[in-house]
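Step one of this worksheet: look at the structure below.
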Amino acid sequence: MVYLERYKKNPILLPKEENEWECEQVCNPGVTIYNGKIYILYRAGGIDRMKSSSGWPVSRLGLAISEDGFNIEYRSPEPIFRPEDENWIDVDGVEAPRITKIKDTYYIVYVLTGFTWDRIALATTKDFRGFKRYGVIMKDIAQRTSALFPEKFEGKFILIHRIIPSIWFSKTVDFKRFTNSKII
């Protein structure tokens with residue numbers, strides 16, 4: 001049996017009033033270990049509002065780094081992913097990053113929000129300084145919350161993703177075409 005205890009100093013990350021892009025909310029991170037430190041890609045919201053929803057702040061991704069997972073030693077002064085950088089029409093937010101290390105590359109599956117849709121997108125990095133964005137994957141399917149398994153299964157990578165109301169598995173060999181989709 002595993003017993004968990006809530007960290008007494010939660011939350012670890014809070015909004016930063018001095019940064020307009022993250023002054024209202026910080027949540028929903030993807031976390032990994034790189035060079036012996038904990039790297040946190042987090043969703044942040046600030047003063048500007050989504051065009052598709054006047055109440056929600058525009059979502060961007062920030063980067064925080066921690067030696068121990070509790071104390072933040074670095075936090076990006078600017079977003080590392082922003083909606084206006086995406087090559088997709090009417091992107092209103094970038095959120096829900098999930099990080100998977102495969103060999104020497106970190107794969108980041110994240111969500112783009114828009115007027116009437118959510119789509120998952122893919123980016124990679126080897127050092128968390130430069131990112132290569134591949135854009136939207138599975139373009140015709142509205143969905144959220146996805147991640148890659150870190151190893152191949154029967155010669156293919158597995159994407160777990162949520163097409164509401166179900167959870168799905170899809171397979172890929174090249175991260176461009178996903179096939180054999182099944183509800184689990």
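Note on naming: chains are A, B, ... as they come in the structure tokens, residues start from 1 per chain, ligands start from 1 in the order shown.
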Inset, instruction - Enumerate, as an NGL selection string, the complete set of residues in region 17-138 of chain A that a backbone-based DSSP assignment places in strand (DSSP E or B). - result: :A and (25-34 or 37-49 or 57-66 or 72-75 or 81 or 93-102 or 105-113 or 118-125 or 132-137)
Listing only residues of region 73-93 of chain A within 12 Å of region 131-142 of chain A, what is the closest atom pair and its distance in Å (to one decimal) for each, using only C-alpha atoms, sorted by chain and residue number ascending, as CSV?
```
residue,atom,partner,partner_atom,distance
A:Ile80,CA,A:Phe131,CA,8.8
A:Phe81,CA,A:Phe131,CA,9.1
A:Arg82,CA,A:Arg133,CA,11.8
A:Pro83,CA,A:Gly135,CA,11.5
A:Asp85,CA,A:Arg133,CA,9.6
A:Glu86,CA,A:Gly135,CA,7.0
A:Asn87,CA,A:Gly135,CA,6.5
A:Trp88,CA,A:Gly135,CA,7.6
A:Ile89,CA,A:Val136,CA,10.8
A:Val91,CA,A:Val136,CA,11.0
```
Inset, instruction - Extract, using only C-alpha atoms, all DNA, RNA and protein residues at most 8 Å from region 180-182 of chain A, discarding same-chain residues fewer than 2 positions from it, and format them as a list in words. - result: Trp168, Phe169, Ser170, Lys171, Phe178 and Ile184 of chain A
Please produce a file of the residues just selected, as an mmCIF file, in the first residue's frame, where the atoms kept are C-alpha atoms.
```
data_model
loop_
_atom_site.group_PDB
_atom_site.id
_atom_site.type_symbol
_atom_site.label_atom_id
_atom_site.label_comp_id
_atom_site.auth_asym_id
_atom_site.auth_seq_id
_atom_site.Cartn_x
_atom_site.Cartn_y
_atom_site.Cartn_z
ATOM 1 C CA TRP A 168 -8.594 6.240 -26.519
ATOM 2 C CA PHE A 169 -5.330 4.618 -27.630
ATOM 3 C CA SER A 170 -3.946 5.421 -31.084
ATOM 4 C CA LYS A 171 -0.738 4.152 -32.696
ATOM 5 C CA PHE A 178 -2.254 7.970 -35.992
ATOM 6 C CA ILE A 184 -10.147 1.681 -23.671
#
```
Legend entry - Shell around Ser146 (chain A) at 10 Å using only C-alpha atoms, local window under 5 positions removed, as an NGL selection string: :A and (96-99 or 108-111 or 120-121 or 159-163 or 167-169)
Legend entry - Selection near Met50 (chain A), 10 Å with only C-alpha atoms, sequence-local residues under 6 positions removed, as a ChimeraX atom specification: /A:56-59,91-93,113-115
